[in-house]
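Worksheet: one structure, shown below.
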Amino acid sequence: MNITENVAIPMRDSVILRGDVMLPSGSSHYPVLIYRTPYGKQFARKEYKTFEKAVARGYAVVVQDVRGRYASAGEFAPYQNEGRDGYDTIEWAARQDLSDGNVGTFGLSYPGAVQWLAAVENPPHLKAMVPAMTFSTPRNFFYSGGVFDGSWLDWIWFNIAPDLRLRKNLPGPRTRDEVATFWKSDHERMQGFLPLRDLPDLKQVAPFYYEWLSHPPADPWWDWAELRNKYDRVHAAVLNFSGWYDEAYGPDGATTNFNGLLAARRNEKDPRARTIVGPWTHGGQEESASGERDFGPTAAIDYDELILRWMDHYLRGADNGVEREKPVRLFVMGGNSWRDEDAWPLARAKEQSFYLAPKAKEASTGRLLANPGDTKQAYSTFVSDPAHPVSDPYTKYGAHDYRSFAGREDVLVFDTEPLAAGTEVTGAIRAEIYLSADVPDLDLWVRLLDVEPGGAAYNFMSPGLDVLRASYRNYRFPETQGQEFKTELLTPGKIYRLDFDRLLTSNVFLAGHRIRVQISGAFFPHFSRNLQTGDSEITTSRTQIGHIRIYHDAAYASRIVVPVIPR
């Protein structure tokens with residue numbers, strides 16, 4: 001293998017990005033695989049074996065630092081330059097003597113996002129891509145359900161800020177140990193700081209963070225990162241990839257992008273699109289466990305081989321059967337098995353409703369019933385205090401036991417009876433929740449849990465798809481695209497319906513288990529807090545305690561609707 005480090009790759013504006021070029025021994029023309037990262041190409045090469053395996057298989061590989069990171073020049077503005085820079089890098093690679101003109105891209109998380117942002121620019125030589133664990137829309141990436149994603153703070157702190165301080169000679173922690181020590185002592189202050197835009201810690205090092213905060217999710221400013229209306233611009237073969245415990249944008253991105261490509265390519269014999277969703281956390285695809293659930297020896301996969309098989313077929317024409325495989329591959333949790341499907345969602349799924357109902361006498365939780373309850377108790381009430389929000393006791397994603405949330409005054413819990421038989425739920429769970437409140441705005445979290453006979457209550461998805469800000473209840477894309485969107489506050493005491501439609505999973509609730517709905521006004525610090533005053537936490541700090549009623553009578557029958565797969 002021959003390696004040339006820090007090769008200059010000029011962009012259209014003359015900024016020089018640098019990449020390490022890895023070639024098989026000998027002299028020839030090769031298909032080129034490109035991996036673009038903000039995390040340091042030198043670290044990527046140490047951490048991943050994909051590059052060496054690809055070279056051994058006959059590929060040239062370019063591992064590049066994105067603009068403004070490590071060896072590359074320019075100013076780092078996350079994601080905003082990746083469309084143009086990705087296009088320029090792909091076309092540069094195709095022009096080199098080492099190239100046979102066929103280019104593929106791969107990578108996970110940010111290195112997955114850069115692929116989509118480049119692909120919608122339609123670079124002529126991009127023939128195949130494997131974007132893993134990444135988004136379909138900024139409205140479910142920087143925000144979700146109208147709520148700002150709190151994980152951007154620690155992403156910047158740990159992954160981005162240290163190198164930027166070095167580059168710009170700014171004060172503050174610069175090594176991994178210094179960053180971790182500061183976070184340990186100060187993360188509660190940083191995560192709880194109000195208003196968000198006044199947090200001093202990132203003002204010098206990450207001005208882009210404050211620019212994000214200045215643009216609410218419905219702002220057309222975000223359209224540069226919107227993929228859902230651009231699939232007809234993408235002509236590469238795309239293998240979408242995510243996990244049920246990935247960050248919430250991941251499974252939504254993998255399935256939304258897949259279906260968007262199919263719609264754009266509906267007249268093609270081979271639409272060259274596939275999606276795979278396993279039981280993994282973000283980047284945990286080679287592990288069998290996610291948090292406290294272990295899914296058995298078949299759960300882990302050979303991620304490198306997955307990438308290279310796709311490239312072998314679509315870049316080199318290898319007859320390896322990739323195009324004959326079913327387009328959807330899912331891991332069914334609980335049953336702990338892989339299954340290949342013709343489409344997402346599954347056509348054979350049958351919708352089944354479970355209606356919220358109040359507690360029975362001396363019961364510790366509310367009920368989920370097959371039919372609307374005939375009850376004189378029209379609603380259940382919980383308290384939401386933004387100054388003391390419901391917080392996740394776990395710091396890492398994956399399956400965790402949330403049984404302790406039952407019985408709190410700031411959380412409502414509703415359970416089915418123990419299931420008589422195993423029930424597979426695969427697809428998008430919907431929730432229709434009727435509520436009223438004595439505050440002008442609130443966030444509603446509707447989380448689904450799998451309750452074991454011993455009482456352990458495990459989540460089967462990560463937070464993000466299960467939250468909706470009430471003032472954003474009528475925001476829809478693309479229906480509202482190009483229109484000025486104004487948030488709609490609540491009238492105290494008036495009853496509203498909030499709709500959730502993307503609670504994505506594939507899970508078997510085993511016989512004797514219960515399905516649980518857990519409702520609260522926050523799930524901090526994963527996402528920012530609604531101050532419940534009608535003003536934004538981005539610009540103000542005053543909070544207001546809210547008393548929220550969740551209705552469950554015949555007139556306002558709150559329910560969840562699950563896609564059940566016949567067995």
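Every chain in the structure tokens has a letter given in the order shown (A, B, ...), and although residue numbers restart at 1 in each chain, ligands are simply numbered from 1 in the order shown.
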Find the residues around region 160-170 of chain A up to 9 Å (only C-alpha atoms counted), leave out those fewer than 4 positions away in its own chain, and share them as a ChimeraX atom specification. /A:38-39,68-70,76,155-156,174-176,179,202,204-206
Show which residues sit within 8 Å of region 237-254 of chain A, as a PyMOL selection string. Count only C-alpha atoms, and ignore same-chain residues fewer than 6 positions away. chain A and resi 127-137+140-141+271-283+285+290+310+314+397-399+460-465+502+504-506
Calculate how many Å separate CA of Pro492 (chain A) from CA of Pro440 (chain A), rounding to one decimal.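 Going from CA of Pro492 (chain A) over to CA of Pro440 (chain A), I get 6.4 Å.
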Can you tell me, as a count of residues only, what residues are no more than 7 Å from Asp415 (chain A) when counting only C-alpha atoms, ignoring any on the same chain fewer than 5 positions away? 8
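Distances here use only C-alpha atoms; by that measure, the residue among A:Arg497, A:His552, A:Arg403, A:Lys41 closest to Gln377 (chain A) is A:His552.
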Show me, as CSV, the residues of region 439-492 of chain A having an atom within 12 Å of region 327-347 of chain A, each with the closest atom pair and its distance in Å, using only C-alpha atoms.
```
residue,atom,partner,partner_atom,distance
A:Asp450,CA,A:Gly334,CA,9.6
A:Val451,CA,A:Gly334,CA,11.8
A:Glu452,CA,A:Gly334,CA,11.1
A:Tyr458,CA,A:Gly334,CA,11.3
A:Asn459,CA,A:Met333,CA,11.5
A:Phe460,CA,A:Met333,CA,8.4
A:Met461,CA,A:Met333,CA,10.8
```
How would the residues just picked look written out with N, CA, C and O atoms as a compact mmCIF listing (two decimals), in the first residue's frame?
```txt
# COMPACT_ATOMS: atom_id res chain seq x y z
N ASP A 450 -41.31 -0.87 26.95
CA ASP A 450 -41.61 -2.31 27.00
C ASP A 450 -41.40 -2.75 28.44
O ASP A 450 -40.26 -2.76 28.94
N VAL A 451 -42.49 -3.10 29.13
CA VAL A 451 -42.43 -3.42 30.56
C VAL A 451 -42.38 -4.93 30.75
O VAL A 451 -43.30 -5.66 30.35
N GLU A 452 -41.33 -5.40 31.37
CA GLU A 452 -41.16 -6.83 31.62
C GLU A 452 -41.98 -7.26 32.84
O GLU A 452 -42.35 -6.43 33.68
N TYR A 458 -38.26 -0.74 29.68
CA TYR A 458 -37.21 -0.36 28.74
C TYR A 458 -37.76 0.45 27.57
O TYR A 458 -38.76 0.08 26.96
N ASN A 459 -37.06 1.54 27.26
CA ASN A 459 -37.34 2.28 26.03
C ASN A 459 -36.87 1.44 24.84
O ASN A 459 -35.94 0.64 24.96
N PHE A 460 -37.51 1.62 23.69
CA PHE A 460 -37.05 0.91 22.49
C PHE A 460 -36.78 1.87 21.34
O PHE A 460 -36.75 1.49 20.18
N MET A 461 -36.52 3.13 21.69
CA MET A 461 -36.03 4.11 20.73
C MET A 461 -35.37 5.23 21.53
O MET A 461 -35.58 5.35 22.74
```
Close residues, Gly150 (chain A) itself excluded, 8 Å, only C-alpha atoms, min 4 positions apart in chain, as a ChimeraX atom specification: /A:154,191,525-528
Output file for the selection above: C-alpha atoms, as a JSON list (two decimals), in the first residue's frame:
```
[["chain", "number", "residue", "atom", "x", "y", "z"],
["A", 154, "ASP", "CA", -21.48, 18.49, 24.18],
["A", 191, "GLN", "CA", -26.56, 22.59, 29.92],
["A", 525, "PRO", "CA", -30.86, 17.55, 28.87],
["A", 526, "HIS", "CA", -31.30, 15.77, 25.53],
["A", 527, "PHE", "CA", -33.43, 18.66, 24.29],
["A", 528, "SER", "CA", -33.93, 22.19, 25.51]]
```
